[in-house]
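To be precise, the following lines are start-v5.csv, and they hold CSV, C-alpha atoms.
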chain,number,residue,atom,x,y,z
C,1,MET,CA,17.8,0.6,-0.1
C,2,GLU,CA,14.4,1.1,-1.6
C,3,GLU,CA,13.0,-2.2,-2.7
C,4,GLU,CA,11.2,-2.3,-6.0
C,5,LEU,CA,7.5,-2.9,-5.6
C,6,ASP,CA,6.4,-6.2,-7.0
C,7,VAL,CA,3.6,-6.5,-9.5
C,8,PHE,CA,1.0,-7.3,-6.8
C,9,ASP,CA,2.0,-4.4,-4.5
C,10,ARG,CA,1.7,-2.1,-7.4
C,11,LEU,CA,-1.7,-3.4,-8.4
C,12,LEU,CA,-3.0,-2.9,-4.8
C,13,ILE,CA,-1.5,0.5,-4.4
C,14,GLU,CA,-3.1,1.6,-7.7
C,15,ASP,CA,-6.5,0.2,-6.8
C,16,PRO,CA,-9.2,2.8,-6.3
C,17,PHE,CA,-10.4,1.3,-3.1
C,18,VAL,CA,-6.9,1.3,-1.5
C,19,ARG,CA,-6.3,4.8,-2.8
C,20,LYS,CA,-9.6,5.9,-1.2
C,21,GLN,CA,-8.4,4.4,2.1
C,22,TRP,CA,-5.1,6.2,1.8
C,23,ALA,CA,-7.0,9.5,1.1
C,24,LYS,CA,-9.2,8.9,4.1
C,25,GLY,CA,-6.1,8.4,6.3
C,26,PHE,CA,-4.6,11.5,4.8
C,27,ALA,CA,-7.7,13.6,5.7
C,28,GLU,CA,-7.8,12.1,9.2
C,29,GLY,CA,-4.1,12.8,9.8
C,30,PHE,CA,-4.4,16.3,8.5
C,31,THR,CA,-7.4,17.1,10.7
C,32,GLU,CA,-5.9,15.4,13.7
C,33,SER,CA,-2.7,17.5,13.2
C,34,ILE,CA,-4.7,20.7,13.1
C,35,LYS,CA,-6.5,19.7,16.3
C,36,LYS,CA,-3.2,18.9,18.0
C,37,THR,CA,-1.8,22.3,17.0
C,38,ALA,CA,-5.0,24.1,18.1
C,39,ARG,CA,-5.0,22.3,21.5
C,40,SER,CA,-1.4,23.2,22.0
C,41,GLY,CA,-2.2,26.8,20.9
C,42,LEU,CA,-5.0,27.0,23.5
C,43,VAL,CA,-2.5,25.9,26.2
C,44,ASP,CA,0.1,28.4,25.0
C,45,VAL,CA,-2.5,31.3,25.2
C,46,VAL,CA,-3.6,30.2,28.7
C,47,ILE,CA,0.0,29.8,29.9
C,48,THR,CA,0.7,33.4,28.9
C,49,ARG,CA,-2.5,35.0,30.1
C,50,PHE,CA,-3.9,32.8,32.9
C,51,PRO,CA,-1.2,30.3,34.1
C,52,THR,CA,-3.4,28.9,36.8
C,53,LEU,CA,-5.9,27.6,34.3
C,54,VAL,CA,-3.4,25.5,32.3
C,55,GLU,CA,-4.8,22.2,33.5
C,56,LEU,CA,-8.4,23.3,32.7
C,57,ALA,CA,-7.2,24.4,29.3
C,58,GLU,CA,-5.7,21.0,28.6
C,59,GLN,CA,-8.8,19.2,29.7
C,60,ARG,CA,-11.0,21.5,27.5
C,61,GLY,CA,-8.7,21.0,24.5
C,62,ASP,CA,-8.9,17.2,24.9
C,63,ARG,CA,-12.7,17.3,25.1
C,64,VAL,CA,-13.2,19.3,21.9
C,65,GLU,CA,-13.4,17.3,18.7
C,66,ASN,CA,-14.7,20.1,16.4
C,67,ILE,CA,-11.8,22.2,15.2
C,68,ASP,CA,-14.0,25.3,14.7
C,69,VAL,CA,-15.2,25.1,18.3
C,70,LEU,CA,-11.6,24.8,19.4
C,71,LEU,CA,-10.5,27.8,17.4
C,72,GLU,CA,-13.4,29.8,18.9
C,73,VAL,CA,-12.4,28.8,22.4
C,74,ILE,CA,-8.9,30.1,21.7
C,75,ARG,CA,-10.2,33.3,20.3
C,76,LEU,CA,-12.5,33.9,23.4
C,77,VAL,CA,-9.8,33.0,25.9
C,78,ALA,CA,-7.4,35.3,24.2
C,79,ALA,CA,-9.9,38.1,24.5
C,80,ALA,CA,-11.2,37.3,28.0
C,81,PRO,CA,-10.9,40.3,30.3
C,82,ASN,CA,-10.2,38.4,33.4
C,83,GLU,CA,-9.5,34.9,34.8
C,84,ALA,CA,-13.0,34.3,35.9
C,85,ILE,CA,-14.3,34.8,32.4
C,86,ALA,CA,-11.5,32.6,31.0
C,87,ARG,CA,-12.4,29.9,33.6
C,88,PHE,CA,-16.0,30.1,32.5
C,89,ILE,CA,-15.1,29.7,28.8
C,90,LEU,CA,-12.9,26.8,29.5
C,91,SER,CA,-15.4,25.1,31.8
C,92,THR,CA,-18.3,25.4,29.3
A,1,MET,CA,1.1,7.9,-2.3
A,2,SER,CA,3.9,6.2,-0.6
A,3,GLN,CA,5.9,3.7,-2.6
A,4,GLN,CA,7.1,1.9,0.5
A,5,PRO,CA,6.8,-1.8,-0.1
A,6,TYR,CA,4.8,-4.2,2.1
A,7,ASP,CA,4.3,-7.8,1.8
A,8,SER,CA,1.1,-7.8,-0.1
A,9,SER,CA,-1.5,-10.1,1.1
A,10,ILE,CA,-1.5,-12.1,-2.2
A,11,LYS,CA,1.9,-13.4,-1.2
A,12,ALA,CA,0.3,-15.0,1.7
A,13,ILE,CA,-2.4,-16.4,-0.6
A,14,PHE,CA,0.1,-17.8,-3.0
A,15,LYS,CA,2.1,-19.3,-0.2
A,16,GLU,CA,-1.0,-20.9,1.3
A,17,ASP,CA,-2.6,-22.0,-1.9
A,18,ALA,CA,0.5,-23.0,-3.8
A,19,PRO,CA,-0.2,-26.8,-3.4
A,20,GLY,CA,-3.5,-26.1,-5.2
A,21,ILE,CA,-2.4,-23.5,-7.7
A,22,VAL,CA,0.8,-25.1,-9.0
A,23,PRO,CA,-0.8,-28.2,-10.5
A,24,LEU,CA,-3.5,-26.0,-12.1
A,25,LEU,CA,-0.8,-24.0,-13.8
A,26,LEU,CA,1.5,-26.8,-14.7
A,27,GLU,CA,-0.5,-30.0,-15.3
A,28,GLY,CA,1.0,-33.0,-13.6
A,29,ALA,CA,3.1,-31.1,-11.2
A,30,ILE,CA,3.1,-31.9,-7.5
A,31,PHE,CA,4.0,-29.1,-5.1
A,32,ILE,CA,6.7,-29.9,-2.6
A,33,ASP,CA,7.6,-26.6,-0.9
A,34,GLU,CA,8.4,-22.9,-1.6
A,35,LEU,CA,11.9,-22.0,-2.6
A,36,ASP,CA,13.8,-19.1,-1.0
A,37,ILE,CA,13.8,-16.2,-3.5
A,38,GLU,CA,15.7,-13.9,-1.1
A,39,VAL,CA,18.9,-15.2,-2.7
A,40,LEU,CA,18.1,-12.8,-5.5
A,41,ARG,CA,18.6,-9.2,-4.4
A,42,PRO,CA,15.9,-6.7,-5.5
A,43,PRO,CA,15.1,-5.6,-8.1
A,44,MET,CA,16.4,-8.9,-9.5
A,45,ARG,CA,14.1,-11.1,-7.6
A,46,ALA,CA,11.7,-13.6,-9.0
A,47,ASP,CA,8.0,-13.3,-8.0
A,48,ARG,CA,7.6,-16.9,-6.8
A,49,ALA,CA,9.5,-20.1,-6.9
A,50,PHE,CA,8.6,-23.6,-5.7
A,51,ARG,CA,10.1,-27.1,-5.5
A,52,ILE,CA,7.9,-29.5,-7.3
A,53,ILE,CA,7.7,-33.1,-8.6
A,54,TYR,CA,7.1,-33.0,-12.4
A,55,LYS,CA,7.1,-36.1,-14.6
A,56,GLY,CA,8.4,-38.0,-11.6
A,57,LYS,CA,11.5,-35.8,-11.0
A,58,SER,CA,12.3,-32.9,-8.7
A,59,HIS,CA,12.1,-29.5,-10.4
A,60,ALA,CA,12.2,-25.9,-9.4
A,61,PHE,CA,9.1,-24.0,-10.7
A,62,GLN,CA,9.5,-20.3,-11.2
A,63,LEU,CA,6.6,-17.9,-11.6
A,64,GLU,CA,6.8,-14.4,-12.9
A,65,PHE,CA,3.7,-12.2,-13.1
A,66,GLN,CA,3.2,-9.5,-15.6
A,67,THR,CA,0.5,-6.8,-15.8
A,68,ASN,CA,1.5,-5.4,-19.2
A,69,GLU,CA,4.0,-5.7,-22.0
A,70,ASP,CA,7.6,-5.6,-20.9
A,71,GLU,CA,10.5,-6.1,-23.4
A,72,GLU,CA,12.8,-6.9,-20.6
A,73,ILE,CA,10.8,-9.8,-19.2
A,74,GLU,CA,12.6,-12.6,-21.0
A,75,TYR,CA,16.0,-11.3,-19.8
A,76,ARG,CA,14.8,-11.1,-16.2
A,77,VAL,CA,13.3,-14.5,-16.2
A,78,LEU,CA,16.5,-15.9,-17.7
A,79,VAL,CA,18.5,-14.4,-14.9
A,80,TYR,CA,16.1,-15.9,-12.2
A,81,HIS,CA,16.2,-19.2,-14.1
A,82,THR,CA,20.0,-19.3,-14.0
A,83,VAL,CA,20.3,-18.3,-10.4
A,84,LEU,CA,17.7,-20.9,-9.3
A,85,LEU,CA,19.5,-23.5,-11.4
A,86,LYS,CA,22.8,-22.6,-9.8
A,87,ASP,CA,21.4,-22.6,-6.3
A,88,TYR,CA,19.2,-25.6,-6.3
A,89,ARG,CA,20.8,-27.7,-9.1
A,90,LEU,CA,17.4,-28.7,-10.3
A,91,PRO,CA,15.8,-28.4,-13.7
A,92,VAL,CA,13.9,-25.1,-13.6
A,93,ILE,CA,10.5,-24.6,-15.3
A,94,SER,CA,10.0,-20.9,-15.8
A,95,MET,CA,6.5,-19.5,-16.4
A,96,ILE,CA,5.4,-16.0,-17.2
A,97,ILE,CA,1.8,-15.3,-16.2
A,98,TYR,CA,0.2,-12.3,-17.9
A,99,LEU,CA,-2.6,-11.1,-15.7
A,100,PHE,CA,-4.2,-8.7,-18.2
A,101,LYS,CA,-4.5,-8.6,-21.9
A,102,SER,CA,-1.3,-7.3,-23.5
A,103,ASN,CA,1.3,-8.3,-26.1
A,104,VAL,CA,3.1,-11.3,-24.8
A,105,VAL,CA,6.5,-12.8,-25.4
A,106,GLU,CA,6.9,-16.1,-27.1
A,107,SER,CA,9.1,-19.0,-26.0
A,108,PRO,CA,11.8,-19.8,-26.8
A,109,PHE,CA,14.2,-17.0,-26.2
A,110,ARG,CA,17.3,-17.4,-28.4
A,111,GLU,CA,20.7,-15.8,-28.0
A,112,MET,CA,22.3,-15.7,-31.4
A,113,SER,CA,25.8,-14.9,-32.5
A,114,GLY,CA,25.3,-14.5,-36.2
A,115,ASP,CA,24.1,-17.9,-37.3
A,116,GLU,CA,25.3,-19.6,-34.2
A,117,ASN,CA,22.7,-20.3,-31.5
A,118,LEU,CA,24.5,-19.7,-28.2
A,119,LEU,CA,21.5,-20.3,-26.0
A,120,THR,CA,17.9,-21.4,-26.3
A,121,PHE,CA,15.7,-20.7,-23.3
A,122,HIS,CA,12.3,-22.4,-23.2
A,123,TYR,CA,9.7,-21.1,-20.8
A,124,ARG,CA,5.9,-21.3,-20.4
A,125,VAL,CA,3.5,-18.4,-20.9
A,126,VAL,CA,0.0,-18.3,-19.3
A,127,ARG,CA,-2.5,-15.7,-20.5
A,128,LEU,CA,-5.1,-15.4,-17.7
A,129,TRP,CA,-7.7,-14.1,-20.2
A,130,THR,CA,-7.6,-17.4,-22.1
A,131,LEU,CA,-8.4,-19.4,-19.0
A,132,ASP,CA,-12.0,-20.2,-18.4
A,133,ALA,CA,-13.4,-18.8,-15.1
A,134,ARG,CA,-16.5,-21.0,-15.3
A,135,GLN,CA,-14.4,-24.2,-15.2
A,136,TYR,CA,-12.6,-23.1,-12.0
A,137,VAL,CA,-15.9,-22.3,-10.3
A,138,GLN,CA,-17.5,-25.6,-11.5
A,139,ALA,CA,-14.5,-27.5,-10.1
A,140,GLN,CA,-14.6,-25.3,-7.0
A,141,GLU,CA,-10.9,-24.5,-7.3
A,142,ILE,CA,-11.1,-21.8,-4.6
A,143,CYS,CA,-7.4,-21.2,-4.8
A,144,MET,CA,-8.0,-19.6,-8.2
A,145,TYR,CA,-11.0,-17.5,-7.3
A,146,THR,CA,-9.1,-14.2,-6.7
A,147,LEU,CA,-7.9,-14.4,-10.3
A,148,LEU,CA,-11.3,-15.1,-11.9
A,149,PRO,CA,-12.1,-11.6,-13.0
A,150,ALA,CA,-9.1,-11.6,-15.3
A,151,MET,CA,-10.3,-14.7,-17.1
A,152,LYS,CA,-12.8,-15.3,-19.9
A,153,ASN,CA,-16.4,-16.2,-19.1
A,154,ALA,CA,-16.1,-14.2,-15.8
A,155,ASP,CA,-19.7,-12.9,-15.7
A,156,ALA,CA,-21.7,-11.8,-12.7
A,157,GLN,CA,-23.2,-15.2,-12.1
A,158,VAL,CA,-19.7,-16.9,-12.0
A,159,LEU,CA,-18.2,-14.2,-9.9
A,160,LEU,CA,-21.1,-14.0,-7.4
A,161,GLN,CA,-20.9,-17.7,-7.1
A,162,ALA,CA,-17.2,-17.4,-6.4
A,163,ILE,CA,-17.7,-14.8,-3.8
A,164,ASP,CA,-20.3,-17.1,-2.1
A,165,GLY,CA,-17.7,-19.9,-2.3
A,166,LEU,CA,-15.1,-17.7,-0.6
A,167,VAL,CA,-17.5,-16.6,2.1
A,168,GLU,CA,-18.4,-20.2,2.8
A,169,ARG,CA,-14.8,-21.4,2.8
A,170,PHE,CA,-13.4,-18.7,5.0
A,171,LYS,CA,-16.5,-18.0,7.2
A,172,GLU,CA,-14.4,-18.6,10.3
A,173,ASN,CA,-11.4,-16.6,9.2
A,174,GLU,CA,-12.2,-13.0,8.4
A,175,THR,CA,-8.6,-12.1,7.8
A,176,LYS,CA,-8.2,-14.6,4.9
A,177,LEU,CA,-11.7,-13.8,3.6
A,178,ALA,CA,-10.7,-10.1,3.5
A,179,GLN,CA,-7.5,-10.8,1.7
A,180,ARG,CA,-9.2,-12.8,-1.0
A,181,LEU,CA,-12.1,-10.5,-1.5
A,182,LEU,CA,-9.7,-7.5,-1.7
A,183,TRP,CA,-7.8,-9.3,-4.4
A,184,LEU,CA,-10.9,-10.4,-6.3
A,185,SER,CA,-12.2,-6.8,-6.2
A,186,THR,CA,-8.8,-5.4,-7.3
A,187,PHE,CA,-8.7,-7.8,-10.3
A,188,LEU,CA,-12.3,-7.0,-11.0
A,189,ARG,CA,-11.7,-3.2,-11.2
A,190,ARG,CA,-8.6,-3.7,-13.3
A,191,SER,CA,-9.9,-6.3,-15.7
A,192,ASP,CA,-11.6,-5.7,-19.0
A,193,MET,CA,-12.8,-9.3,-19.2
A,194,VAL,CA,-16.0,-8.6,-17.3
A,195,ALA,CA,-18.9,-6.7,-18.9
A,196,LEU,CA,-19.7,-3.3,-17.3
A,197,GLU,CA,-23.1,-4.4,-16.2
A,198,ASP,CA,-21.8,-7.6,-14.6
A,199,LYS,CA,-19.0,-5.6,-13.0
A,200,GLN,CA,-21.5,-3.3,-11.4
A,201,ARG,CA,-23.5,-6.2,-10.0
A,202,VAL,CA,-20.4,-7.8,-8.5
A,203,GLU,CA,-19.2,-4.5,-7.1
A,204,GLU,CA,-22.5,-4.0,-5.4
A,205,ARG,CA,-22.0,-7.4,-3.7
A,206,LEU,CA,-18.5,-6.5,-2.8
A,207,ASP,CA,-19.6,-3.2,-1.3
A,208,THR,CA,-21.3,-5.1,1.4
A,209,PHE,CA,-17.9,-6.3,2.5
A,210,GLU,CA,-16.3,-2.8,2.7
A,211,GLN,CA,-15.9,-2.8,6.4
A,212,LEU,CA,-14.2,-6.2,6.2
A,213,LEU,CA,-11.9,-5.0,3.5
A,214,GLU,CA,-10.9,-2.0,5.5
A,215,GLN,CA,-9.5,-4.4,8.1
A,216,ASP,CA,-7.1,-6.0,5.7
A,217,GLU,CA,-3.5,-5.5,6.8
A,218,PHE,CA,-2.4,-3.9,3.5
A,219,VAL,CA,-5.4,-1.5,3.5
A,220,ARG,CA,-4.8,-0.5,7.1
A,221,LYS,CA,-1.1,0.1,6.4
A,222,GLN,CA,-2.0,2.3,3.4
A,223,ARG,CA,-4.5,4.2,5.5
A,224,ALA,CA,-1.8,4.7,8.2
A,225,LEU,CA,0.6,5.9,5.6
A,226,GLY,CA,-2.1,8.4,4.4
A,227,GLU,CA,-2.6,9.6,7.9
A,228,GLU,CA,1.1,10.1,8.4
A,229,ALA,CA,1.3,12.0,5.1
A,230,GLY,CA,-1.6,14.2,6.3
A,231,GLU,CA,0.1,15.0,9.6
A,232,VAL,CA,3.3,15.8,7.7
A,233,LYS,CA,1.5,18.2,5.4
A,234,GLU,CA,-0.1,20.1,8.2
A,235,ALA,CA,3.1,20.2,10.3
A,236,ARG,CA,5.0,21.6,7.3
A,237,ARG,CA,2.3,24.3,6.8
A,238,ILE,CA,2.6,25.3,10.5
A,239,LEU,CA,6.4,25.4,10.4
A,240,VAL,CA,6.3,27.6,7.4
A,241,ARG,CA,3.7,29.8,9.0
A,242,VAL,CA,5.6,30.2,12.3
A,243,VAL,CA,8.8,31.0,10.5
A,244,ASN,CA,7.1,33.5,8.2
A,245,ARG,CA,5.6,35.2,11.3
A,246,ARG,CA,8.8,35.3,13.4
A,247,PHE,CA,11.5,35.5,10.8
A,248,PRO,CA,10.2,36.6,7.4
A,249,SER,CA,13.7,36.7,6.0
A,250,LEU,CA,13.9,32.9,6.3
A,251,SER,CA,10.8,32.4,4.2
A,252,GLU,CA,12.5,30.8,1.3
A,253,LEU,CA,14.8,28.6,3.5
A,254,VAL,CA,11.9,27.2,5.5
A,255,GLN,CA,9.9,26.3,2.3
A,256,GLN,CA,12.9,24.3,1.1
A,257,ARG,CA,13.7,22.6,4.4
A,258,ALA,CA,10.1,21.8,5.2
A,259,ALA,CA,9.5,20.2,1.8
A,260,HIS,CA,12.4,17.8,2.4
A,261,THR,CA,11.4,16.8,5.9
A,262,THR,CA,9.2,13.7,6.0
A,263,ARG,CA,9.1,12.9,9.7
A,264,VAL,CA,6.2,14.6,11.6
A,265,GLU,CA,8.1,14.4,14.9
A,266,THR,CA,11.0,16.3,13.4
A,267,LEU,CA,8.7,19.0,12.1
A,268,HIS,CA,7.0,19.3,15.4
A,269,GLU,CA,10.4,19.7,17.2
A,270,ALA,CA,11.4,22.3,14.6
A,271,ILE,CA,8.1,24.2,15.2
A,272,ASP,CA,8.7,24.3,19.0
A,273,SER,CA,12.3,25.3,18.5
A,274,ILE,CA,11.5,28.1,16.1
A,275,ILE,CA,8.9,29.4,18.5
A,276,ASP,CA,11.5,29.5,21.3
A,277,ALA,CA,14.4,30.7,19.1
A,278,PRO,CA,15.9,33.9,20.5
A,279,ASP,CA,17.0,35.4,17.2
A,280,GLU,CA,17.2,34.8,13.4
A,281,ALA,CA,20.6,33.2,13.6
A,282,ALA,CA,19.3,30.5,15.9
A,283,ALA,CA,16.3,30.0,13.7
A,284,ARG,CA,18.5,29.6,10.7
A,285,PHE,CA,20.6,27.1,12.5
A,286,ILE,CA,17.5,25.1,13.4
A,287,LEU,CA,16.3,25.0,9.8
A,288,ASN,CA,19.7,24.0,8.5
A,289,PHE,CA,19.9,21.3,11.1
A,290,LEU,CA,16.5,20.2,10.0
A,291,SER,CA,17.8,19.4,6.5
A,292,ALA,CA,20.8,17.6,7.9
A,293,SER,CA,18.7,15.4,10.2
How does this structure look as structure tokens?
Amino acid sequence: MEEELDVFDRLLIEDPFVRKQWAKGFAEGFTESIKKTARSGLVDVVITRFPTLVELAEQRGDRVENIDVLLEVIRLVAAAPNEAIARFILST
Amino acid sequence: MSQQPYDSSIKAIFKEDAPGIVPLLLEGAIFIDELDIEVLRPPMRADRAFRIIYKGKSHAFQLEFQTNEDEEIEYRVLVYHTVLLKDYRLPVISMIIYLFKSNVVESPFREMSGDENLLTFHYRVVRLWTLDARQYVQAQEICMYTLLPAMKNADAQVLLQAIDGLVERFKENETKLAQRLLWLSTFLRRSDMVALEDKQRVEERLDTFEQLLEQDEFVRKQRALGEEAGEVKEARRILVRVVNRRFPSLSELVQQRAAHTTRVETLHEAIDSIIDAPDEAAARFILNFLSAS
């Protein structure tokens, strides 16, 4: 059963500072979720193309904080002509 | 934003400061303890109730807070009054506190049957904007400081002095200091009793406590709720994208199902399952299961 918010809960939830904090959380959650998906995508690509490099891919994914870098790594690994190149990309 | 309720920190403040606040609101009252308001099921639940000694006798003291005009308030307060009277068998003093300027109800409330007066209900009304902020600061009534911005004479000098008072009083308890500063800043932003220039000066001072305010439990919970909402939004987007890529005929279905799924874990499980789904029938089953779960 959903409780009715009391007058003070409502005041706080409507407060611009609290709303800003919620929005900050939203942005963090959204970005973190993209990162998680990209990390998982990197591992999926490596499992398919170079299964021996999965552990390396997981480590690389965990190290990268910048989503653009992560997407670039995925793109490069997907296009890597052989395992040695893929290993180099994942080790960089 | 989520409407999920939390115990707002001002409840803790009122609980802790009730011995100080109650006599300020009801002159001559002596606080005894807080009464259980859980006997009233929401939404019929009083804001606060206390056991007090008033004029030498035990009483229940019921507080109801209002932010704006509400035609139903007298009826609600009457219900709370009656339930408290029934449960505690004490005379009940009911008080409505208007936090911000608005039209207010006037005591008593009368229930009439033609000319016959069936019931007369007397209650107290406090308009915060008629109380003098300066007096509370002069008297160092720290328990009232969070409410000061809603009072008259709440200028920068008074409010900055109040902030200093709070910092001094709670210098060894950052949690309590954060609670009180958060409330003071919330009332400040909402109130129209403080001149704009004064408001800006006080906000500048409050800005120096931003990191502390971010540690407040309510603020952290709201931030966590925001984070969860962000994750859900992204997970929904991915689910829709995966389904559109693999099974375009299920495009409409996935839009509907994703929109109604609020748990991020469920969405992630659905994404994995759709990636592994052998055919469209299996994917449809997963999506239908999603709405049922």
Interface residues on chain C facing chain A, 8 Å, all atoms listed in the file, written as a PyMOL selection string: chain C and resi 2-9+11-12+15+18-19+21-34
Interatomic distance, atom CA of A:Pro23 to atom CA of A:Gln161 (Å, one decimal): 22.9 Å
Exercise: A:Glu27 partners within 12 Å, only C-alpha atoms, chain neighbours under 6 positions left out, as number ranges by chain: A: 20-21, 52-55, 124
Atomic distance atom CA of A:Gln62 - atom CA of A:Met95, expressed in Å with one decimal: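 For atom CA of A:Gln62 relative to atom CA of A:Met95, the distance reads 6.1 Å.
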Let me have the centre and edge lengths in Å, one decimal, of the box along x, y and z around every listed atom of stretch 227-243 of chain A with 3 Å of margin on each side, as JSON.
{"center_x": 3.1, "center_y": 20.3, "center_z": 8.7, "size_x": 17.4, "size_y": 27.4, "size_z": 13.2}
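We find atom CA of A:Ser107 and atom CA of A:Pro91 to be spaced 16.9 Å apart.
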Protein and nucleic acid residues near (-16.4, 3.2, -5.8) (cut-off 9 Å, all atoms listed in the file) as a PyMOL selection string: (chain C and resi 16-17+20) or (chain A and resi 203+207)
Go ahead and write the selection's residues with C-alpha atoms as a JSON list (two decimals), in the frame of the given file.
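File written: result_24.json
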[["chain", "number", "residue", "atom", "x", "y", "z"],
["C", 16, "PRO", "CA", -9.20, 2.80, -6.30],
["C", 17, "PHE", "CA", -10.40, 1.30, -3.10],
["C", 20, "LYS", "CA", -9.60, 5.90, -1.20],
["A", 203, "GLU", "CA", -19.20, -4.50, -7.10],
["A", 207, "ASP", "CA", -19.60, -3.20, -1.30]]
Start from the incomplete input, build N, CA and C atoms for stretch 34-45 of chain C, and deliver everything as a compact mmCIF listing (two decimals), in the coordinates of the input.
# COMPACT_ATOMS: atom_id res chain seq x y z
N ILE C 34 -4.17 19.34 12.83
CA ILE C 34 -4.70 20.70 13.10
C ILE C 34 -5.22 20.78 14.53
N LYS C 35 -5.93 19.72 14.93
CA LYS C 35 -6.50 19.70 16.30
C LYS C 35 -5.37 19.76 17.33
N LYS C 36 -4.33 18.95 17.10
CA LYS C 36 -3.20 18.90 18.00
C LYS C 36 -2.60 20.32 18.16
N THR C 37 -2.43 20.96 17.01
CA THR C 37 -1.80 22.30 17.00
C THR C 37 -2.74 23.28 17.73
N ALA C 38 -4.04 23.18 17.48
CA ALA C 38 -5.00 24.10 18.10
C ALA C 38 -5.01 23.88 19.63
N ARG C 39 -4.97 22.60 20.03
CA ARG C 39 -5.00 22.30 21.50
C ARG C 39 -3.71 22.88 22.12
N SER C 40 -2.60 22.70 21.43
CA SER C 40 -1.40 23.20 22.00
C SER C 40 -1.41 24.76 21.96
N GLY C 41 -2.05 25.34 20.94
CA GLY C 41 -2.20 26.80 20.90
C GLY C 41 -3.04 27.33 22.02
N LEU C 42 -4.11 26.60 22.37
CA LEU C 42 -5.00 27.00 23.50
C LEU C 42 -4.15 27.03 24.79
N VAL C 43 -3.37 25.97 24.99
CA VAL C 43 -2.50 25.90 26.20
C VAL C 43 -1.53 27.04 26.22
N ASP C 44 -0.93 27.33 25.07
CA ASP C 44 0.10 28.40 25.00
C ASP C 44 -0.57 29.76 25.38
N VAL C 45 -1.78 30.00 24.88
CA VAL C 45 -2.50 31.30 25.20
C VAL C 45 -2.74 31.35 26.69
